[in-house]
file upload.txt (compact mmCIF, C-alpha atoms and all ligand atoms)
# COMPACT_ATOMS: atom_id res chain seq x y z
CA MET A 223 -5.32 -21.45 18.89
CA ARG A 224 -5.45 -24.72 16.99
CA ILE A 225 -4.75 -25.00 13.29
CA ARG A 226 -5.63 -27.82 10.95
CA PHE A 227 -4.65 -28.14 7.29
CA TRP A 228 -7.35 -29.42 4.91
CA GLY A 229 -5.70 -28.38 1.63
CA VAL A 230 -2.08 -27.36 1.07
CA ARG A 231 -1.62 -27.67 -2.70
CA GLY A 232 -1.40 -24.64 -5.00
CA SER A 233 -2.90 -23.93 -8.40
CA ILE A 234 -4.79 -27.18 -9.04
CA ALA A 235 -5.70 -30.24 -7.01
CA ALA A 236 -3.12 -32.99 -7.45
CA PRO A 237 -4.39 -36.22 -5.90
CA GLY A 238 -2.60 -39.51 -6.42
CA PRO A 239 -0.12 -41.89 -4.83
CA GLU A 240 2.80 -39.53 -5.48
CA THR A 241 1.23 -36.75 -3.35
CA ALA A 242 -0.52 -38.95 -0.77
CA ARG A 243 1.53 -37.87 2.25
CA TYR A 244 1.26 -34.08 1.85
CA GLY A 245 -2.12 -34.22 0.13
CA GLY A 246 -3.54 -33.06 -3.17
CA ASN A 247 -6.31 -30.65 -2.12
CA THR A 248 -6.09 -26.93 -2.85
CA PRO A 249 -5.79 -24.40 0.02
CA CYS A 250 -8.01 -24.58 3.08
CA VAL A 251 -6.81 -24.01 6.64
CA GLU A 252 -8.99 -24.19 9.74
CA ALA A 253 -8.05 -22.18 12.82
CA ARG A 254 -9.97 -22.34 16.09
CA ALA A 255 -9.19 -19.26 18.16
CA ASP A 256 -8.84 -19.20 21.94
CA ASP A 257 -12.34 -17.76 22.36
CA GLY A 258 -13.90 -20.46 20.14
CA THR A 259 -14.17 -18.33 16.99
CA LEU A 260 -13.84 -20.49 13.88
CA LEU A 261 -11.61 -19.02 11.17
CA ILE A 262 -11.12 -20.61 7.76
CA PHE A 263 -8.39 -19.42 5.40
CA ASP A 264 -9.27 -20.01 1.76
CA CYS A 265 -11.82 -22.40 0.42
CA GLY A 266 -10.04 -24.68 -2.06
CA THR A 267 -11.03 -28.32 -2.54
CA GLY A 268 -9.87 -29.04 1.03
CA ALA A 269 -13.01 -27.23 2.23
CA ARG A 270 -15.18 -30.20 1.22
CA LYS A 271 -13.89 -32.50 3.98
CA LEU A 272 -13.69 -29.66 6.48
CA GLY A 273 -17.35 -28.90 5.76
CA ILE A 274 -18.38 -32.51 6.36
CA ALA A 275 -16.52 -32.56 9.69
CA LEU A 276 -18.05 -29.26 10.82
CA ALA A 277 -21.62 -30.04 9.75
CA ARG A 278 -21.69 -33.14 11.99
CA GLY A 279 -22.13 -30.73 14.88
CA GLY A 280 -25.17 -28.99 13.32
CA PRO A 281 -25.33 -25.38 12.10
CA VAL A 282 -21.95 -23.70 11.86
CA ARG A 283 -20.79 -20.15 12.61
CA ALA A 284 -17.60 -19.44 10.68
CA HIS A 285 -15.50 -16.58 9.31
CA LEU A 286 -13.92 -17.42 5.95
CA PHE A 287 -10.93 -15.35 4.83
CA ILE A 288 -10.35 -15.64 1.09
CA SER A 289 -6.90 -14.49 -0.09
CA HIS A 290 -8.16 -13.85 -3.65
CA THR A 291 -10.62 -15.29 -6.11
CA HIS A 292 -8.27 -17.41 -8.22
CA VAL A 293 -10.11 -20.66 -8.60
CA ASP A 294 -7.83 -22.81 -6.41
CA HIS A 295 -8.81 -20.61 -3.44
CA ILE A 296 -12.60 -20.61 -3.86
CA GLN A 297 -13.55 -23.78 -5.72
CA GLY A 298 -14.44 -25.63 -2.50
CA LEU A 299 -17.08 -23.10 -1.46
CA PRO A 300 -19.94 -24.64 -3.52
CA PHE A 301 -19.12 -27.98 -1.84
CA PHE A 302 -18.76 -26.63 1.70
CA LEU A 303 -21.55 -28.46 3.51
CA PRO A 304 -22.33 -25.83 6.19
CA ALA A 305 -23.46 -23.51 3.35
CA PHE A 306 -26.32 -25.97 2.79
CA VAL A 307 -27.26 -26.29 6.47
CA PRO A 308 -30.09 -23.90 7.43
CA GLY A 309 -29.14 -21.98 10.55
CA SER A 310 -25.46 -21.83 9.59
CA HIS A 311 -24.00 -18.35 9.39
CA LEU A 312 -20.95 -17.79 7.23
CA THR A 313 -19.13 -14.50 6.81
CA VAL A 314 -16.85 -14.57 3.78
CA TYR A 315 -14.16 -11.86 3.52
CA GLY A 316 -11.94 -11.08 0.54
CA PRO A 317 -10.59 -8.47 -1.87
CA ALA A 318 -12.29 -7.11 -4.96
CA GLY A 319 -10.95 -8.08 -8.36
CA ILE A 320 -9.81 -5.33 -10.70
CA ASP A 321 -12.91 -5.39 -12.86
CA ARG A 322 -15.55 -6.67 -10.43
CA SER A 323 -16.52 -6.65 -6.77
CA PHE A 324 -15.61 -9.45 -4.39
CA PRO A 325 -19.22 -10.73 -4.19
CA SER A 326 -19.48 -10.88 -7.95
CA ALA A 327 -16.08 -12.57 -8.42
CA LEU A 328 -16.92 -15.09 -5.70
CA GLY A 329 -20.46 -15.74 -6.88
CA GLY A 330 -19.41 -15.99 -10.54
CA GLN A 331 -18.25 -19.58 -10.11
CA MET A 332 -21.83 -20.44 -9.07
CA ASP A 333 -23.43 -18.99 -12.21
CA TYR A 334 -25.90 -21.39 -13.82
CA ALA A 335 -23.36 -22.45 -16.47
CA TYR A 336 -20.98 -23.74 -13.78
CA PHE A 337 -23.06 -24.79 -10.78
CA PRO A 338 -26.76 -25.52 -10.12
CA VAL A 339 -27.26 -23.43 -6.97
CA PRO A 340 -26.54 -19.70 -7.15
CA MET A 341 -24.74 -18.03 -4.29
CA ASP A 342 -27.78 -16.06 -3.13
CA GLN A 343 -29.93 -19.20 -2.83
CA LEU A 344 -27.74 -21.10 -0.38
CA PRO A 345 -29.77 -22.29 2.63
CA ALA A 346 -27.25 -20.87 5.12
CA GLN A 347 -26.99 -17.18 5.90
CA VAL A 348 -23.98 -16.07 3.85
CA GLU A 349 -22.62 -12.56 4.36
CA ILE A 350 -19.98 -11.35 1.94
CA VAL A 351 -17.60 -8.63 3.06
CA GLU A 352 -15.24 -6.92 0.64
CA LEU A 353 -11.91 -5.94 2.20
CA GLY A 354 -8.96 -3.74 1.38
CA GLU A 355 -5.91 -3.12 3.54
CA GLY A 356 -6.78 -2.34 7.12
CA GLU A 357 -7.53 -3.69 10.55
CA PHE A 358 -10.72 -4.74 12.30
CA GLY A 359 -11.98 -6.82 15.19
CA ILE A 360 -13.99 -10.03 15.46
CA GLY A 361 -14.82 -10.66 19.11
CA SER A 362 -11.51 -10.60 20.93
CA LEU A 363 -9.49 -11.12 17.71
CA ARG A 364 -7.68 -8.42 15.74
CA ILE A 365 -7.44 -9.01 12.01
CA ARG A 366 -5.01 -7.06 9.83
CA THR A 367 -4.92 -7.32 6.05
CA GLN A 368 -2.20 -6.39 3.57
CA PHE A 369 -1.91 -6.76 -0.20
CA MET A 370 0.44 -9.46 -1.43
CA ASN A 371 2.45 -9.28 -4.69
CA HIS A 372 0.47 -11.63 -6.92
CA THR A 373 -1.13 -11.78 -10.36
CA ALA A 374 -4.47 -10.57 -8.92
CA PRO A 375 -5.30 -8.31 -5.97
CA THR A 376 -4.60 -10.66 -3.06
CA LEU A 377 -4.75 -10.18 0.71
CA GLY A 378 -2.66 -11.68 3.46
CA TYR A 379 -4.26 -12.03 6.91
CA ARG A 380 -2.65 -11.40 10.26
CA VAL A 381 -4.69 -12.56 13.26
CA THR A 382 -3.75 -11.56 16.77
CA THR A 383 -5.40 -13.05 19.84
CA GLY A 384 -4.55 -12.74 23.51
CA GLY A 385 -2.32 -15.79 23.07
CA GLY A 386 -0.32 -14.96 19.96
CA THR A 387 -0.24 -14.08 16.26
CA LEU A 388 -0.90 -16.14 13.15
CA VAL A 389 -0.10 -14.87 9.64
CA TYR A 390 -1.56 -16.40 6.48
CA ALA A 391 0.41 -15.12 3.49
CA THR A 392 0.01 -17.11 0.31
CA ASP A 393 0.09 -16.32 -3.40
CA HIS A 394 2.87 -13.81 -2.94
CA GLU A 395 6.09 -13.30 -4.86
CA ALA A 396 9.34 -11.57 -3.94
CA HIS A 397 9.53 -8.02 -5.28
CA GLU A 398 12.03 -7.05 -7.97
CA GLY A 399 15.77 -7.46 -7.59
CA ALA A 400 17.79 -9.28 -4.97
CA THR A 401 16.38 -9.82 -1.50
CA TRP A 402 19.17 -7.79 0.12
CA ARG A 403 20.81 -4.45 -0.57
CA PRO A 404 24.30 -4.57 -2.07
CA GLY A 405 26.88 -5.02 0.70
CA HIS A 406 24.52 -6.76 3.10
CA ALA A 407 26.37 -8.99 5.60
CA ASN A 408 25.46 -12.68 5.46
CA GLU A 409 23.49 -14.15 8.35
CA THR A 410 22.14 -10.81 9.48
CA PHE A 411 18.41 -10.20 9.20
CA ASP A 412 17.58 -6.52 9.41
CA GLU A 413 14.42 -5.21 7.75
CA ALA A 414 16.22 -2.02 6.65
CA ASP A 415 18.69 -4.18 4.65
CA LEU A 416 15.95 -5.49 2.36
CA LEU A 417 16.42 -3.95 -1.08
CA HIS A 418 12.82 -3.45 -2.16
CA ALA A 419 10.35 -1.40 -0.11
CA GLY A 420 7.68 -3.98 -0.97
CA ASP A 421 9.69 -6.72 0.77
CA GLN A 422 10.17 -4.45 3.78
CA ARG A 423 6.40 -4.01 4.00
CA HIS A 424 5.96 -7.75 3.69
CA ALA A 425 8.46 -8.53 6.48
CA ALA A 426 6.78 -5.95 8.70
CA PHE A 427 3.47 -7.73 8.14
CA LEU A 428 4.99 -11.00 9.43
CA ARG A 429 6.73 -9.26 12.37
CA ASP A 430 7.05 -11.42 15.53
CA ALA A 431 4.35 -13.88 14.43
CA ASP A 432 4.13 -17.16 16.32
CA ILE A 433 3.36 -18.90 13.05
CA VAL A 434 3.61 -17.81 9.42
CA ILE A 435 1.87 -19.91 6.78
CA HIS A 436 3.69 -18.78 3.63
CA ASP A 437 3.65 -19.43 -0.09
CA SER A 438 6.71 -21.54 -0.94
CA GLN A 439 5.81 -23.12 -4.23
CA TYR A 440 9.33 -23.00 -5.70
CA HIS A 441 12.98 -23.24 -4.81
CA ALA A 442 15.68 -20.97 -6.20
CA GLY A 443 16.53 -23.54 -8.90
CA ASP A 444 13.11 -23.63 -10.54
CA TYR A 445 12.25 -19.97 -9.92
CA PRO A 446 13.79 -18.28 -13.01
CA ALA A 447 11.30 -20.06 -15.30
CA LYS A 448 8.41 -19.07 -12.99
CA ALA A 449 9.26 -15.42 -12.26
CA GLY A 450 6.16 -13.26 -12.55
CA TRP A 451 3.77 -16.11 -11.69
CA GLY A 452 3.14 -14.64 -8.25
CA HIS A 453 4.70 -17.26 -5.99
CA SER A 454 7.59 -17.49 -3.55
CA THR A 455 10.68 -19.63 -3.22
CA ILE A 456 11.50 -21.37 0.06
CA GLU A 457 14.66 -19.24 0.22
CA TYR A 458 12.60 -16.04 0.14
CA ALA A 459 10.00 -17.36 2.61
CA VAL A 460 12.72 -18.30 5.10
CA ASP A 461 14.46 -14.92 4.72
CA MET A 462 11.22 -12.99 5.26
CA ALA A 463 10.26 -15.07 8.29
CA ARG A 464 13.74 -14.65 9.78
CA VAL A 465 13.77 -10.89 9.18
CA ALA A 466 10.39 -10.77 10.89
CA ASN A 467 11.63 -12.84 13.83
CA ALA A 468 8.78 -15.32 13.33
CA LYS A 469 8.83 -18.36 15.59
CA ARG A 470 7.60 -20.91 13.10
CA LEU A 471 7.31 -21.05 9.32
CA VAL A 472 4.91 -23.37 7.50
CA LEU A 473 5.72 -24.01 3.83
CA PHE A 474 2.44 -23.89 1.92
CA HIS A 475 0.85 -23.83 -1.55
CA HIS A 476 2.97 -26.76 -2.77
CA ASP A 477 3.48 -27.03 -6.50
CA PRO A 478 1.01 -29.52 -8.06
CA ASN A 479 3.91 -31.12 -9.94
CA ARG A 480 6.02 -31.70 -6.84
CA ASP A 481 5.72 -35.19 -5.35
CA ASP A 482 6.10 -36.07 -1.66
CA ALA A 483 9.83 -36.67 -1.94
CA GLY A 484 10.16 -33.28 -3.62
CA VAL A 485 8.32 -31.53 -0.78
CA ASP A 486 10.52 -33.41 1.73
CA ALA A 487 13.57 -32.04 -0.07
CA LEU A 488 12.17 -28.47 -0.02
CA ALA A 489 11.52 -28.73 3.70
CA ARG A 490 15.06 -30.02 4.34
CA ALA A 491 16.59 -27.20 2.32
CA ALA A 492 14.44 -24.61 4.12
CA ARG A 493 15.42 -25.98 7.54
CA ALA A 494 19.11 -25.83 6.64
CA GLN A 495 18.70 -22.10 6.06
CA ALA A 496 16.36 -21.39 8.96
CA GLY A 497 18.70 -21.07 11.97
CA ASP A 498 16.69 -21.41 15.19
CA MET A 499 13.36 -20.95 13.47
CA ASP A 500 11.07 -23.96 13.29
CA VAL A 501 10.10 -24.94 9.70
CA ILE A 502 7.58 -27.51 8.55
CA ALA A 503 5.95 -28.28 5.22
CA ALA A 504 2.16 -28.21 5.57
CA ALA A 505 0.49 -31.60 5.13
CA GLU A 506 -3.21 -32.36 4.91
CA GLY A 507 -4.56 -33.57 8.25
CA ASP A 508 -1.74 -31.98 10.29
CA GLU A 509 -2.93 -30.25 13.42
CA ILE A 510 -0.87 -27.71 15.32
CA VAL A 511 -1.74 -26.47 18.78
CA LEU A 512 -0.19 -23.03 19.02
CA TRP A 513 -1.23 -21.74 22.40
CA GLU A 514 -3.96 -22.56 24.84
CA ARG A 515 -4.21 -19.32 26.78
CA ALA A 516 -7.69 -17.85 26.58
CA SER A 517 -7.90 -14.21 25.67
CA ASP A 518 -9.59 -11.66 27.88
CA ASP A 519 -8.95 -8.69 25.60
CA ALA A 520 -11.62 -6.05 25.37
CA THR A 521 -13.78 -6.46 22.30
CA GLU A 522 -13.48 -3.72 19.73
CA ALA A 523 -16.75 -2.96 18.04
CA GLU A 524 -15.31 -1.47 14.85
CA GLY A 525 -16.06 -3.76 11.93
CA PRO A 526 -14.25 -4.47 8.68
CA HIS A 527 -14.44 -1.86 5.97
CA ALA A 528 -14.52 -2.10 2.22
CA PRO A 529 -11.56 -0.73 0.27
CA ARG A 530 -11.94 2.75 -1.05
CA ILE A 531 -10.82 3.48 -4.56
CA GLN A 532 -11.28 6.55 -6.70
CA THR A 533 -14.23 5.97 -9.01
CA ARG A 534 -12.15 6.72 -12.08
CA ALA A 535 -8.53 6.99 -10.98
CA ARG A 536 -6.24 9.14 -13.11
CA ILE A 537 -2.90 7.60 -14.00
CA LEU A 538 0.03 9.36 -15.64
CA VAL A 539 2.24 7.02 -17.67
CA ALA A 540 5.61 8.25 -18.96
CA ASP A 541 7.75 6.16 -21.28
CA ASP A 542 9.69 7.01 -24.44
CA ASP A 543 8.99 3.61 -26.00
CA PRO A 544 5.71 3.99 -27.94
CA ALA A 545 5.05 0.22 -27.89
CA ILE A 546 5.19 0.07 -24.09
CA LEU A 547 3.15 3.25 -23.77
CA GLN A 548 0.52 1.66 -26.00
CA VAL A 549 0.40 -1.56 -23.96
CA LEU A 550 0.11 0.31 -20.66
CA ASP A 551 -2.55 2.64 -22.03
CA THR A 552 -4.62 -0.26 -23.38
CA VAL A 553 -4.33 -2.44 -20.27
CA LEU A 554 -4.92 0.31 -17.71
CA SER A 555 -7.72 1.98 -19.67
CA GLY A 556 -9.28 -1.49 -19.90
CA ASP A 557 -9.20 -1.62 -16.10
CA GLY A 558 -11.30 1.54 -16.01
CA TYR A 559 -8.63 4.14 -15.25
CA GLN A 560 -8.18 7.42 -17.03
CA VAL A 561 -4.71 7.21 -18.57
CA ILE A 562 -2.67 10.24 -19.66
CA THR A 563 0.62 9.57 -21.41
CA ALA A 564 3.92 11.45 -21.61
CA VAL A 565 6.92 10.62 -23.79
CA ASP A 566 9.68 12.11 -21.64
CA GLY A 567 10.41 13.28 -18.11
CA VAL A 568 9.89 17.00 -18.74
CA MET A 569 6.45 16.39 -20.15
CA ALA A 570 5.63 14.08 -17.24
CA VAL A 571 6.60 16.71 -14.66
CA GLU A 572 4.66 19.45 -16.46
CA LEU A 573 1.54 17.31 -16.70
CA ALA A 574 1.78 16.21 -13.07
CA ARG A 575 2.21 19.80 -11.87
CA SER A 576 -0.75 21.16 -13.80
CA ASP A 577 -3.12 18.28 -13.22
CA GLY A 578 -3.90 15.98 -10.31
CA PHE A 579 -3.07 12.29 -10.58
CA ASP A 580 -3.80 9.32 -8.35
CA LEU A 581 -0.77 7.34 -9.51
CA ILE A 582 2.30 8.00 -11.66
CA LEU A 583 4.17 5.33 -13.65
CA LEU A 584 7.64 6.39 -14.80
CA ASP A 585 10.20 4.78 -17.05
CA VAL A 586 13.78 5.45 -15.91
CA GLN A 587 15.57 6.08 -19.21
CA MET A 588 13.79 8.90 -21.00
CA PRO A 589 15.03 11.85 -23.08
CA ARG A 590 15.27 15.40 -21.66
CA LEU A 591 14.75 14.30 -18.05
CA ASP A 592 15.09 10.73 -16.79
CA GLY A 593 12.57 9.06 -14.52
CA LEU A 594 14.61 9.36 -11.33
CA ALA A 595 15.15 13.09 -11.81
CA ALA A 596 11.45 13.44 -12.62
CA ALA A 597 10.53 11.56 -9.43
CA ARG A 598 12.80 13.87 -7.41
CA GLN A 599 11.06 16.95 -8.83
CA LEU A 600 7.59 15.51 -8.31
CA ARG A 601 8.29 14.70 -4.67
CA LYS A 602 9.07 18.41 -4.07
CA GLU A 603 5.51 19.38 -4.96
CA ALA A 604 3.41 19.44 -1.82
CA ARG A 605 0.31 17.97 -3.45
CA LEU A 606 2.29 15.18 -5.15
CA HIS A 607 4.05 14.19 -1.98
CA ASP A 608 1.84 11.20 -1.22
CA VAL A 609 0.95 10.15 -4.77
CA PRO A 610 2.31 6.64 -5.48
CA ILE A 611 5.17 6.83 -8.00
CA VAL A 612 5.91 3.48 -9.60
CA MET A 613 9.08 3.03 -11.64
CA LEU A 614 8.65 0.65 -14.54
CA THR A 615 12.04 0.04 -16.03
CA ALA A 616 14.48 -2.23 -17.79
CA ARG A 617 17.21 -1.01 -15.43
CA THR A 618 17.31 -3.97 -13.10
CA SER A 619 20.58 -3.79 -11.18
CA ASP A 620 20.26 -3.79 -7.41
CA ARG A 621 22.02 -0.40 -7.32
CA ASP A 622 19.33 1.03 -9.63
CA ILE A 623 16.57 -0.27 -7.35
CA GLU A 624 18.32 1.11 -4.27
CA ALA A 625 18.78 4.51 -5.97
CA ALA A 626 15.12 4.70 -6.95
CA PHE A 627 13.83 4.08 -3.43
CA ALA A 628 16.31 6.67 -2.17
CA GLU A 629 14.54 9.20 -4.45
CA GLY A 630 11.25 8.50 -2.73
CA VAL A 631 9.61 6.29 -5.35
CA THR A 632 6.88 4.06 -4.00
CA ASP A 633 7.37 0.90 -6.01
CA TYR A 634 9.77 -0.51 -8.60
CA ILE A 635 8.72 -2.93 -11.33
CA THR A 636 11.22 -4.30 -13.85
CA LYS A 637 10.65 -4.89 -17.57
CA PRO A 638 9.71 -7.23 -19.01
CA PHE A 639 6.88 -7.32 -16.49
CA ALA A 640 4.02 -9.76 -16.01
CA VAL A 641 0.95 -7.75 -17.06
CA ALA A 642 -1.31 -9.45 -14.50
CA GLN A 643 1.09 -8.63 -11.69
CA MET A 644 1.51 -5.01 -12.81
CA ARG A 645 -2.29 -4.60 -12.86
CA ALA A 646 -2.57 -6.02 -9.34
CA ARG A 647 0.23 -3.76 -8.06
CA VAL A 648 -1.38 -0.64 -9.58
CA ARG A 649 -4.73 -1.60 -8.09
CA SER A 650 -3.21 -2.18 -4.65
CA TRP A 651 -1.50 1.24 -4.66
CA LEU A 652 -4.67 3.04 -5.76
CA SER A 653 -6.59 1.36 -2.98
CA ARG A 654 -3.93 2.22 -0.38
CA SER A 655 -3.69 5.86 -1.45
CA ALA A 656 -7.48 6.20 -1.35
CA GLU A 657 -7.31 5.10 2.29
CA VAL A 658 -4.66 7.74 3.01
CA HIS A 659 -6.71 10.50 1.43
CA GLU A 660 -9.77 9.48 3.37
CA ARG A 661 -8.07 10.10 6.73
ZN ZN B 1 -3.10 -20.15 -5.48
ZN ZN B 2 -3.47 -17.07 -7.21

call {"tool": "encode", "arguments": {"input": "upload.txt", "output": "structure tokens", "more": "lines below"}}
Ligand SMILES: [Zn+2]
Ligand SMILES: [Zn+2]
result
Amino acid sequence: MRIRFWGVRGSIAAPGPETARYGGNTPCVEARADDGTLLIFDCGTGARKLGIALARGGPVRAHLFISHTHVDHIQGLPFFLPAFVPGSHLTVYGPAGIDRSFPSALGGQMDYAYFPVPMDQLPAQVEIVELGEGEFGIGSLRIRTQFMNHTAPTLGYRVTTGGGTLVYATDHEAHEGATWRPGHANETFDEADLLHAGDQRHAAFLRDADIVIHDSQYHAGDYPAKAGWGHSTIEYAVDMARVANAKRLVLFHHDPNRDDAGVDALARAARAQAGDMDVIAAAEGDEIVLWERASDDATEAEGPHAPRIQTRARILVADDDPAILQVLDTVLSGDGYQVITAVDGVMAVELARSDGFDLILLDVQMPRLDGLAAARQLRKEARLHDVPIVMLTARTSDRDIEAAFAEGVTDYITKPFAVAQMRARVRSWLSRSAEVHER
């Protein structure tokens, strides 16, 4: 497997002398697998030069994995030369948005108002495949996807070949609270010691990877002002990679306002914390040869599958603050869900018992019965056993978070919350639980 970075910058392209060494193009990573399969992760402005290099060899067969349809990850697609070469065959994978399908979110940037050639009139054969969480095969490769914690539904990609494992995990933010449970011993890296179940899932996704390309837009010092923006600190990225026992971590999605010296400093700080793990900051033009061994794995025929989601998911929202109830009702109804509200824990439990729900959002501090006690009662009901229960609360101490997961809640979001991130989290859980019910 060989990897080459064509764009490493997050959010917006940032060309100029101050970013010349690491590069100013938005995300695009080329990976050539052992069996010759061409994989491309994201299609930011870096895809333009990659496309020119590829098209020199004639028609191109490529698999493009889009993390999400925020513009920095797709804006290079209309300028990706192989799309204009007849005989090229591109398969583009990615997650649906909340209010539109992946093909429509991806093609939207090529509407007449923005670009002269619509998506469906590209000379190349372009197949668009909508993905949720799951696993599928391409030739001898295994691809696993998992939702990240971002301000839009976003997928990470884990690619395993006969030679090793690559994980691409960008546009992801640490879940609520501290990284570690209270009382965690320094310099130990056990997945079970992570405070938030979401971070445990994330570490498991990176498990034993040979290389992890990870969002690391911030450091701990600039993070407080950027909490809820959907990006990681280097400290968090290093912790997750160490918990996962990854061999190498690549810092990625550099902040557009960080100059080369700033990225150097981030990389130094990350290395100081990384122990034996190898850490580099991704730079445009860098090539990494990971392993040469060719794979002779049996090919699995099973293809990728689209995410399943209930056509009109029913969500129960319980909060004693009418203003918050109103916001949640408006936002979630706007996303197409059927929202039923409760003003205390007793009412929430009664409603949940008498009526089926696909997801339950609970405040912690409520009259009559608090959210944790309500969650405990709901988990005793056989048919509510697998329903995602998301706590949405102003109680933010690490002990509170630990206590909530001990009661069997699925996720824990603290107030004040970023609305975009809450919407993405709700969407991800609905998609996951639809998969569970399907089996
Ligand atoms: Zn981004
Ligand atoms: Zn994004």

call {"tool": "residues_near_ligand", "arguments": {"input": "upload.txt", "ligand": "ligand ZN 2 (chain B)", "cutoff": "9 Å", "atoms": "all atoms listed in the file", "output": "compact mmCIF listing (two decimals) with C-alpha atoms, in the frame of the given file"}}
result
# COMPACT_ATOMS: atom_id res chain seq x y z
CA GLY A 232 -1.40 -24.64 -5.00
CA SER A 233 -2.90 -23.93 -8.40
CA SER A 289 -6.90 -14.49 -0.09
CA HIS A 290 -8.16 -13.85 -3.65
CA THR A 291 -10.62 -15.29 -6.11
CA HIS A 292 -8.27 -17.41 -8.22
CA VAL A 293 -10.11 -20.66 -8.60
CA ASP A 294 -7.83 -22.81 -6.41
CA HIS A 295 -8.81 -20.61 -3.44
CA HIS A 372 0.47 -11.63 -6.92
CA THR A 373 -1.13 -11.78 -10.36
CA ALA A 374 -4.47 -10.57 -8.92
CA THR A 376 -4.60 -10.66 -3.06
CA THR A 392 0.01 -17.11 0.31
CA ASP A 393 0.09 -16.32 -3.40
CA HIS A 394 2.87 -13.81 -2.94
CA TRP A 451 3.77 -16.11 -11.69
CA GLY A 452 3.14 -14.64 -8.25
CA HIS A 453 4.70 -17.26 -5.99

call {"tool": "atom_distance", "arguments": {"input": "upload.txt", "atom1": "atom CA of Phe302 of chain A", "atom2": "atom CA of Val339 of chain A"}}
result
12.6 Å

call {"tool": "closest_residue", "arguments": {"input": "upload.txt", "among": "A:Lys469, A:His418, A:Arg226, A:Arg645", "to": "Val511 of chain A", "atoms": "all atoms listed in the file"}}
result
A:Arg226

call {"tool": "residues_around", "arguments": {"input": "upload.txt", "residues": "segment 381-390 of chain A", "least_positions_apart": "5", "cutoff": "10 Å", "atoms": "all atoms listed in the file", "output": "PyMOL selection string"}}
result
chain A and resi 223+225+251+253+255-257+261+263-264+287+289+357-367+427-437+468+470-472+474+512-520

call {"tool": "closest_residue", "arguments": {"input": "upload.txt", "among": "A:Phe337, A:Phe639, A:Trp402, A:Phe579", "to": "Ala414 of chain A", "atoms": "only C-alpha atoms"}}
result
A:Trp402

call {"tool": "atom_distance", "arguments": {"input": "upload.txt", "atom1": "atom CA of Leu344 of chain A", "atom2": "atom CA of Glu252 of chain A"}}
result
21.5 Å

call {"tool": "closest_residue", "arguments": {"input": "upload.txt", "among": "A:Leu554, A:Met370, A:Ala570, A:Val348", "to": "ligand ZN 1 (chain B)", "atoms": "only C-alpha atoms and all ligand atoms"}}
result
A:Met370

call {"tool": "closest_residue", "arguments": {"input": "upload.txt", "among": "A:Glu395, A:Asp412, A:Glu506, A:Asp498", "to": "ligand ZN 1 (chain B)", "atoms": "all atoms listed in the file"}}
result
A:Glu395

call {"tool": "atom_distance", "arguments": {"input": "upload.txt", "atom1": "atom CA of Asp486 of chain A", "atom2": "atom CA of Glu457 of chain A"}}
result
14.8 Å

call {"tool": "closest_residue", "arguments": {"input": "upload.txt", "among": "A:Arg243, A:Arg464, A:His285, A:His441", "to": "Met499 of chain A", "atoms": "only C-alpha atoms"}}
result
A:Arg464
